[in-house]
Amino acid sequence: MEISKKTDYALRMLMCLVKNPGRIVSARAAAEDNGVPYSFARAIQHDLASHGIVESIRGAHGGMRLAIDPHETPLLDIIEAVQGPVEIATCVISEEEGEPCPRKDTCPFNPIWCTAERMLRDYLASVSLYDVVMNGLSPDVGTAFGLTPTGR
């Protein structure tokens, strides 16, 4: 799994909104403050709005503001909204999502990939957007095993 440039930019823009709760921040300001190309920022704002993460406000003093509670929104939700499901390998795909690997039941590696994907998802779900931005928390590998995130 690779975090796309678009996801990285989206998280940087959201950081600006978390640091300015309730304020309307222009896409241009969020882009400039976080090293995001403005043309890309407009597309990201549109995508975040279409997933209900930000609210877009039109007009001369328009921009965006958070539509989610950053205290309750895990990084996993944002990543999946921007770039789709977090997946380690295509063989892990569930039958509901598509055609699983035909060797799924006999492959000795499938349980490894399934466990790694579950751990990654748990890891990204273990910390909220607010905790990362405002408290500097980064999830410890142990979070998948019930331990709490640690500071940097």
# chains A, B, ... in the order shown; residues from 1 in each chain; ligands from 1

$ residues_around --residues "Ala30 in chain A" --least-positions-apart "2" --cutoff "9 Å" --atoms "only C-alpha atoms" --output "PDB file with N, CA and C atoms, in the first residue's frame"
ATOM      1  N   ARG A  12      -2.415  17.332   4.506  1.00  0.00           N
ATOM      2  CA  ARG A  12      -1.789  18.624   4.820  1.00  0.00           C
ATOM      3  C   ARG A  12      -2.823  19.743   4.842  1.00  0.00           C
ATOM      4  N   MET A  13      -3.739  19.724   3.865  1.00  0.00           N
ATOM      5  CA  MET A  13      -4.786  20.746   3.820  1.00  0.00           C
ATOM      6  C   MET A  13      -5.729  20.607   5.018  1.00  0.00           C
ATOM      7  N   LEU A  14      -6.058  19.378   5.384  1.00  0.00           N
ATOM      8  CA  LEU A  14      -6.921  19.156   6.541  1.00  0.00           C
ATOM      9  C   LEU A  14      -6.243  19.615   7.824  1.00  0.00           C
ATOM     10  N   MET A  15      -4.934  19.482   7.888  1.00  0.00           N
ATOM     11  CA  MET A  15      -4.190  19.948   9.056  1.00  0.00           C
ATOM     12  C   MET A  15      -4.447  21.442   9.272  1.00  0.00           C
ATOM     13  N   CYS A  16      -4.469  22.201   8.197  1.00  0.00           N
ATOM     14  CA  CYS A  16      -4.733  23.632   8.277  1.00  0.00           C
ATOM     15  C   CYS A  16      -6.125  23.881   8.854  1.00  0.00           C
ATOM     16  N   LEU A  17      -7.100  23.079   8.477  1.00  0.00           N
ATOM     17  CA  LEU A  17      -8.465  23.246   8.974  1.00  0.00           C
ATOM     18  C   LEU A  17      -8.588  22.838  10.434  1.00  0.00           C
ATOM     19  N   VAL A  25     -11.374  28.478   5.495  1.00  0.00           N
ATOM     20  CA  VAL A  25     -10.017  28.641   4.974  1.00  0.00           C
ATOM     21  C   VAL A  25     -10.076  28.439   3.466  1.00  0.00           C
ATOM     22  N   SER A  26      -9.496  29.362   2.729  1.00  0.00           N
ATOM     23  CA  SER A  26      -9.508  29.220   1.267  1.00  0.00           C
ATOM     24  C   SER A  26      -8.584  28.085   0.851  1.00  0.00           C
ATOM     25  N   ALA A  27      -8.928  27.465  -0.266  1.00  0.00           N
ATOM     26  CA  ALA A  27      -8.076  26.395  -0.798  1.00  0.00           C
ATOM     27  C   ALA A  27      -6.692  26.955  -1.118  1.00  0.00           C
ATOM     28  N   ARG A  28      -6.648  28.190  -1.582  1.00  0.00           N
ATOM     29  CA  ARG A  28      -5.361  28.818  -1.901  1.00  0.00           C
ATOM     30  C   ARG A  28      -4.494  28.943  -0.646  1.00  0.00           C
ATOM     31  N   GLU A  32      -0.999  27.102  -0.076  1.00  0.00           N
ATOM     32  CA  GLU A  32       0.238  27.860   0.112  1.00  0.00           C
ATOM     33  C   GLU A  32       0.902  27.541   1.447  1.00  0.00           C
ATOM     34  N   ASP A  33       0.106  27.405   2.492  1.00  0.00           N
ATOM     35  CA  ASP A  33       0.648  27.128   3.827  1.00  0.00           C
ATOM     36  C   ASP A  33       1.280  25.748   3.939  1.00  0.00           C
ATOM     37  N   ASN A  34       0.910  24.845   3.033  1.00  0.00           N
ATOM     38  CA  ASN A  34       1.338  23.454   3.166  1.00  0.00           C
ATOM     39  C   ASN A  34       2.072  22.900   1.955  1.00  0.00           C
ATOM     40  N   GLY A  35       2.511  23.768   1.057  1.00  0.00           N
ATOM     41  CA  GLY A  35       3.287  23.314  -0.092  1.00  0.00           C
ATOM     42  C   GLY A  35       2.514  22.431  -1.059  1.00  0.00           C
ATOM     43  N   VAL A  36       1.236  22.743  -1.241  1.00  0.00           N
ATOM     44  CA  VAL A  36       0.385  21.979  -2.156  1.00  0.00           C
ATOM     45  C   VAL A  36       0.130  22.839  -3.392  1.00  0.00           C
ATOM     46  N   TYR A  38      -1.704  24.784  -6.074  1.00  0.00           N
ATOM     47  CA  TYR A  38      -3.071  25.298  -5.989  1.00  0.00           C
ATOM     48  C   TYR A  38      -4.025  24.540  -6.901  1.00  0.00           C
ATOM     49  N   ALA A  41      -4.960  21.525  -5.231  1.00  0.00           N
ATOM     50  CA  ALA A  41      -5.738  21.809  -4.018  1.00  0.00           C
ATOM     51  C   ALA A  41      -7.217  21.955  -4.326  1.00  0.00           C
TER      52      ALA A  41
END

$ residues_around --residues "Trp113 in chain A" --least-positions-apart "3" --cutoff "8 Å" --atoms "only C-alpha atoms" --output "VMD selection string"
chain A and resid 88 to 89 92 109 to 110 116 to 117

$ closest_residue --among "A:Thr7, A:Thr115, A:Ser126, A:Asn20" --to "Pro74 in chain A" --atoms "only C-alpha atoms"
A:Ser126

$ residues_around --residues "Val82 in chain A" --least-positions-apart "5" --cutoff "8 Å" --atoms "only C-alpha atoms" --output "compact mmCIF listing (two decimals) with N, CA and C atoms, in the first residue's frame"
# COMPACT_ATOMS: atom_id res chain seq x y z
N LYS A 6 -1.81 12.66 -3.63
CA LYS A 6 -3.10 13.30 -3.40
C LYS A 6 -3.52 13.16 -1.93
N THR A 7 -3.33 11.99 -1.36
CA THR A 7 -3.68 11.77 0.05
C THR A 7 -2.79 12.60 0.95
N ALA A 10 -3.99 16.10 0.73
CA ALA A 10 -5.28 16.25 1.42
C ALA A 10 -5.08 16.32 2.93
N ASP A 47 -12.98 16.79 -3.89
CA ASP A 47 -13.08 15.39 -3.45
C ASP A 47 -13.41 15.28 -1.96
N LEU A 48 -12.78 16.11 -1.14
CA LEU A 48 -13.06 16.08 0.30
C LEU A 48 -14.50 16.49 0.57

$ residues_around --residues "Ala125 in chain A" --least-positions-apart "3" --cutoff "8 Å" --atoms "only C-alpha atoms" --output "PyMOL selection string"
chain A and resi 74-77+121-122+128

$ write_last_selection --atoms "C-alpha atoms" --output "mmCIF file, in the first residue's frame"
data_model
loop_
_atom_site.group_PDB
_atom_site.id
_atom_site.type_symbol
_atom_site.label_atom_id
_atom_site.label_comp_id
_atom_site.auth_asym_id
_atom_site.auth_seq_id
_atom_site.Cartn_x
_atom_site.Cartn_y
_atom_site.Cartn_z
ATOM 1 C CA PRO A 74 -9.433 8.263 12.249
ATOM 2 C CA LEU A 75 -6.757 8.630 9.591
ATOM 3 C CA LEU A 76 -8.062 5.432 7.984
ATOM 4 C CA ASP A 77 -11.375 7.118 7.096
ATOM 5 C CA ARG A 121 -6.025 -0.891 8.974
ATOM 6 C CA ASP A 122 -6.049 -1.139 12.790
ATOM 7 C CA SER A 128 -7.674 10.523 15.081
#

$ atom_distance --atom1 "CA of Arg23 in chain A" --atom2 "CA of Ile3 in chain A"
27.7 Å

$ select_by_dssp --residues "chain A" --states "alpha helix (DSSP H)" --output "VMD selection string"
chain A and resid 5 to 18 27 to 34 38 to 50 75 to 83 110 to 125 129 to 135

$ atom_distance --atom1 "CA of Ile24 in chain A" --atom2 "CA of Gly62 in chain A"
6.8 Å

$ closest_residue --among "A:Gly52, A:Leu137, A:Pro85, A:Cys101" --to "Leu120 in chain A" --atoms "only C-alpha atoms"
A:Pro85

$ closest_residue --among "A:Gly136, A:Pro108, A:Gly84, A:Gly22" --to "Ser4 in chain A" --atoms "only C-alpha atoms"
A:Gly84

$ closest_residue --among "A:His61, A:Ala81, A:Thr73, A:Pro21" --to "Ile44 in chain A" --atoms "only C-alpha atoms"
A:Ala81

$ atom_distance --atom1 "CA of Lys19 in chain A" --atom2 "CA of Tyr123 in chain A"
23.3 Å
